[in-house]
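Here's the structure, in structure tokens; my notes come after.
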Amino acid sequence: MLQDYTILFMNDHISKLLNFFNEYIKNLLTHKIISEVNKKNINIDYNSKSKQGDVSSNFFLLIQKKILDINFDLKFDLETKLSKFDFIENAEISNSGFINIFFNKKYLIQGLNNILDQKNNYGVFNFGKNKKINIEYVSANPTGPIHIAHIRGAVFGDVLSSIFKKTGFNVIKEYYVNDAGSQIDILGNSLYTRYCQLLNIKADLSNNEYPGEYLIEIARELVSKDNDKWIKQPIEKRKKFFKEFAVNFLINNIKKDLSLININFDKFTFETDIIKNNLIDKLFTLLKEKNLLYEGKLSKPKGEDLQDWEPRNQLLFKSSSLFDNDDRAFKKANGDWTYFANDATYHYDKYLRKFDKLIN
């Protein structure tokens, strides 16, 4: 793997050193001076505060342990060869065995000028050969505004997407919207309570409803748009409307917030659309054929004080046979699909879209 990247990044001094170390090992093996070395253990440290040069390496320590020819002066030979690199000012092997390398300042400045000259074209090459990559990130539930923890993932995901694009991959940046289930039911109910309060209709938030003041802002927009239209509407129609209005409002605000730091998505996939397409039935059949679903009972969730909890028979997914600690509920006791099942279906949907790589 190191050699593959060395070919691509030959203007990078770190990769030039890695390439040299690999060739050096090959030469010593040819002349039977050392025994076999695991090249994956070669480390070039350019980041830690403990390094003594611009970069340091454990290369000497690795090779020293593999010496077969006791007459070979590894320290002298290595320092001599490293001194011939025009971008190295000095290379010395410390008493602890680490190679400390100091770069020639002229070449560092030359490298910086090269970056500045190329501007946005720096680092562009077709390593990815237009392979399709889907990167799903942020995907915060639309039950409130995004916060700083979401932004951390947003920045990381967007930078990763940019790197893949620059290196020749076809990237789809995707946001998955969990707009179904009990959390969204609670969101709609919470918005309706705020809506009633603004119309001076007595209504109190229940213990499980969202108390956030952002819902007052959404309710205010709804009142200015529809006044008291929704007070006398049929309950099911009203509930559906309030859920959809809240989700759309919050998703639009999330998009605006992300655009402030220049983060935009190619695709928003909604859980409700996944459900409407009945893809979960196909996933159910697939998992059943692979013997990954069974009827059973889960243990009581650890660390939760659930006085009314009792074991119940339900459809379970054998995730413990796929590196998980426990099996997961795939269908609730009342026959509804679980949050986990719908999310699994979404990932199955991405798989069916035939990307070369999926990143979450």
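Chain labels follow the order of the structure tokens: the first chain is A, the next B, and so on; residue numbering restarts at 1 in every chain, and ligands are counted from 1 in their shown order.
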
* Exercise: Leu205 in chain A partners within 9 Å, only C-alpha atoms, chain neighbours under 4 positions left out, as a ChimeraX atom specification -> /A:189-190,193-194,209-211

Requested write-out: N, CA, C and O atoms of the selected residues, as a PDB file, in the first residue's frame:
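Dumped to selection-v5.pdb:
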ATOM      1  N   ASN A 189     -46.733  16.658  18.084  1.00  0.00           N
ATOM      2  CA  ASN A 189     -47.585  16.985  19.233  1.00  0.00           C
ATOM      3  C   ASN A 189     -47.073  18.225  19.969  1.00  0.00           C
ATOM      4  O   ASN A 189     -47.856  19.072  20.415  1.00  0.00           O
ATOM      5  N   SER A 190     -45.738  18.314  20.095  1.00  0.00           N
ATOM      6  CA  SER A 190     -45.125  19.455  20.786  1.00  0.00           C
ATOM      7  C   SER A 190     -45.403  20.751  20.035  1.00  0.00           C
ATOM      8  O   SER A 190     -45.693  21.789  20.645  1.00  0.00           O
ATOM      9  N   THR A 193     -48.968  21.854  20.585  1.00  0.00           N
ATOM     10  CA  THR A 193     -49.144  22.480  21.901  1.00  0.00           C
ATOM     11  C   THR A 193     -48.717  23.948  21.849  1.00  0.00           C
ATOM     12  O   THR A 193     -49.427  24.830  22.352  1.00  0.00           O
ATOM     13  N   ARG A 194     -47.571  24.214  21.216  1.00  0.00           N
ATOM     14  CA  ARG A 194     -47.088  25.598  21.095  1.00  0.00           C
ATOM     15  C   ARG A 194     -48.041  26.427  20.219  1.00  0.00           C
ATOM     16  O   ARG A 194     -48.264  27.615  20.488  1.00  0.00           O
ATOM     17  N   GLU A 209     -42.873  15.664  25.815  1.00  0.00           N
ATOM     18  CA  GLU A 209     -42.823  16.555  24.656  1.00  0.00           C
ATOM     19  C   GLU A 209     -41.578  17.445  24.702  1.00  0.00           C
ATOM     20  O   GLU A 209     -40.975  17.635  25.762  1.00  0.00           O
ATOM     21  N   TYR A 210     -41.200  17.980  23.523  1.00  0.00           N
ATOM     22  CA  TYR A 210     -39.986  18.788  23.420  1.00  0.00           C
ATOM     23  C   TYR A 210     -40.246  20.210  23.938  1.00  0.00           C
ATOM     24  O   TYR A 210     -41.125  20.900  23.432  1.00  0.00           O
ATOM     25  N   PRO A 211     -39.451  20.661  24.925  1.00  0.00           N
ATOM     26  CA  PRO A 211     -39.683  21.978  25.516  1.00  0.00           C
ATOM     27  C   PRO A 211     -38.948  23.117  24.798  1.00  0.00           C
ATOM     28  O   PRO A 211     -39.118  24.276  25.165  1.00  0.00           O
TER      29      PRO A 211
END

* Leaving out Ala246 in chain A and any residue of its chain fewer than 2 positions from it, which residues lie within 9 Å of it when counting only C-alpha atoms, given as a PyMOL selection string? -> chain A and resi 142-143+184+187-188+191+215+218-219+241-244+248-251

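Put simply, CA of Phe270 in chain A is 23.8 Å away from CA of Ile235 in chain A.
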
* From a DSSP calculation on the backbone, collect every residue of range 220-304 of chain A in alpha helix (DSSP H) and output the set as a PyMOL selection string. => chain A and resi 220-226+235-259+271-276+279-289

* **Picked from range 24-193 of chain A by DSSP as strand (DSSP E or B), as a PyMOL selection string** => chain A and resi 34+44-45+55-57+67+88-93+99-103+132-136+170-177

Kindly export the residues of the current selection with N, CA, C and O atoms, as a CSV table (one decimal), in the first residue's frame.
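Wrote out_13.csv, looks like this:
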chain,number,residue,atom,x,y,z
A,34,ILE,N,20.2,-8.6,5.7
A,34,ILE,CA,19.2,-8.7,6.7
A,34,ILE,C,18.2,-9.8,6.4
A,34,ILE,O,18.2,-10.3,5.3
A,44,ILE,N,7.1,7.0,10.0
A,44,ILE,CA,7.7,8.3,9.9
A,44,ILE,C,6.9,9.3,10.7
A,44,ILE,O,5.7,9.6,10.3
A,45,ASP,N,7.4,9.9,11.8
A,45,ASP,CA,6.7,10.7,12.6
A,45,ASP,C,6.9,12.2,12.3
A,45,ASP,O,8.0,12.7,12.3
A,55,VAL,N,11.2,15.5,11.0
A,55,VAL,CA,10.6,14.2,11.1
A,55,VAL,C,11.5,13.2,11.7
A,55,VAL,O,12.7,13.5,11.8
A,56,SER,N,11.0,12.2,12.3
A,56,SER,CA,11.8,11.1,12.8
A,56,SER,C,11.3,9.8,12.4
A,56,SER,O,10.1,9.7,12.0
A,57,SER,N,12.1,8.7,12.4
A,57,SER,CA,11.6,7.4,12.0
A,57,SER,C,12.2,6.3,12.9
A,57,SER,O,13.3,6.4,13.4
A,67,ILE,N,19.6,-7.7,11.3
A,67,ILE,CA,21.0,-7.8,10.7
A,67,ILE,C,21.5,-9.3,10.8
A,67,ILE,O,21.5,-9.9,11.8
A,88,ILE,N,17.3,17.0,2.2
A,88,ILE,CA,17.7,16.7,3.6
A,88,ILE,C,18.9,17.6,4.0
A,88,ILE,O,20.0,17.5,3.4
A,89,GLU,N,18.8,18.4,5.0
A,89,GLU,CA,19.9,19.2,5.5
A,89,GLU,C,20.8,18.4,6.4
A,89,GLU,O,22.0,18.4,6.3
A,90,ASN,N,20.2,17.5,7.2
A,90,ASN,CA,21.0,16.7,8.1
A,90,ASN,C,20.1,15.5,8.6
A,90,ASN,O,18.9,15.6,8.8
A,91,ALA,N,20.8,14.3,8.7
A,91,ALA,CA,20.1,13.2,9.2
A,91,ALA,C,21.0,12.5,10.2
A,91,ALA,O,22.2,12.2,9.9
A,92,GLU,N,20.6,12.3,11.4
A,92,GLU,CA,21.4,11.7,12.5
A,92,GLU,C,20.6,10.6,13.2
A,92,GLU,O,19.4,10.7,13.4
A,93,ILE,N,21.3,9.6,13.6
A,93,ILE,CA,20.7,8.5,14.4
A,93,ILE,C,21.0,8.7,15.8
A,93,ILE,O,22.2,8.7,16.2
A,99,ILE,N,15.9,7.8,13.8
A,99,ILE,CA,16.6,8.7,12.8
A,99,ILE,C,15.9,10.0,12.9
A,99,ILE,O,14.7,10.1,12.7
A,100,ASN,N,16.6,11.0,13.2
A,100,ASN,CA,16.1,12.4,13.2
A,100,ASN,C,16.5,13.1,11.9
A,100,ASN,O,17.7,13.2,11.6
A,101,ILE,N,15.6,13.6,11.1
A,101,ILE,CA,15.8,14.2,9.8
A,101,ILE,C,15.4,15.6,9.8
A,101,ILE,O,14.3,16.0,10.2
A,102,PHE,N,16.3,16.5,9.3
A,102,PHE,CA,16.0,17.9,9.2
A,102,PHE,C,16.0,18.3,7.7
A,102,PHE,O,17.0,18.0,7.0
A,103,PHE,N,14.9,18.9,7.3
A,103,PHE,CA,14.8,19.3,5.9
A,103,PHE,C,15.5,20.6,5.5
A,103,PHE,O,15.6,21.5,6.3
A,132,LYS,N,-17.6,5.3,-7.7
A,132,LYS,CA,-18.6,5.9,-7.0
A,132,LYS,C,-18.5,5.7,-5.5
A,132,LYS,O,-18.4,4.6,-5.0
A,133,ILE,N,-18.5,6.8,-4.8
A,133,ILE,CA,-18.5,6.8,-3.3
A,133,ILE,C,-19.7,7.5,-2.7
A,133,ILE,O,-20.0,8.6,-3.2
A,134,ASN,N,-20.4,6.9,-1.8
A,134,ASN,CA,-21.4,7.6,-1.0
A,134,ASN,C,-20.9,7.9,0.4
A,134,ASN,O,-20.5,7.0,1.1
A,135,ILE,N,-20.9,9.2,0.7
A,135,ILE,CA,-20.6,9.6,2.1
A,135,ILE,C,-21.8,10.1,2.8
A,135,ILE,O,-22.3,11.2,2.4
A,136,GLU,N,-22.3,9.4,3.8
A,136,GLU,CA,-23.4,9.9,4.6
A,136,GLU,C,-22.9,10.5,5.9
A,136,GLU,O,-22.1,9.9,6.6
A,170,ASN,N,-16.1,9.8,-7.9
A,170,ASN,CA,-17.4,10.4,-8.1
A,170,ASN,C,-18.1,10.3,-6.7
A,170,ASN,O,-18.5,9.2,-6.3
A,171,VAL,N,-18.3,11.5,-6.1
A,171,VAL,CA,-18.8,11.4,-4.7
A,171,VAL,C,-20.2,12.0,-4.6
A,171,VAL,O,-20.6,13.0,-5.1
A,172,ILE,N,-21.1,11.2,-3.9
A,172,ILE,CA,-22.4,11.6,-3.5
A,172,ILE,C,-22.4,11.9,-2.0
A,172,ILE,O,-22.2,11.0,-1.2
A,173,LYS,N,-22.7,13.2,-1.6
A,173,LYS,CA,-22.8,13.5,-0.2
A,173,LYS,C,-24.3,13.4,0.2
A,173,LYS,O,-25.1,14.1,-0.4
A,174,GLU,N,-24.5,12.6,1.2
A,174,GLU,CA,-25.9,12.3,1.5
A,174,GLU,C,-26.3,12.5,3.0
A,174,GLU,O,-25.4,12.3,3.9
A,175,TYR,N,-27.5,13.0,3.2
A,175,TYR,CA,-28.0,13.2,4.5
A,175,TYR,C,-29.3,12.3,4.7
A,175,TYR,O,-30.2,12.4,3.9
A,176,TYR,N,-29.3,11.5,5.7
A,176,TYR,CA,-30.5,10.6,6.0
A,176,TYR,C,-31.4,11.3,7.0
A,176,TYR,O,-30.9,11.6,8.1
A,177,VAL,N,-32.6,11.5,6.7
A,177,VAL,CA,-33.6,12.2,7.6
A,177,VAL,C,-34.5,11.2,8.2
A,177,VAL,O,-35.3,10.6,7.5

* **Near-Gly111 in chain A list (12 Å; only C-alpha atoms; drop same-chain fewer than 4 positions) as a ChimeraX atom specification** => /A:11-13,87,103-107,115-118,122
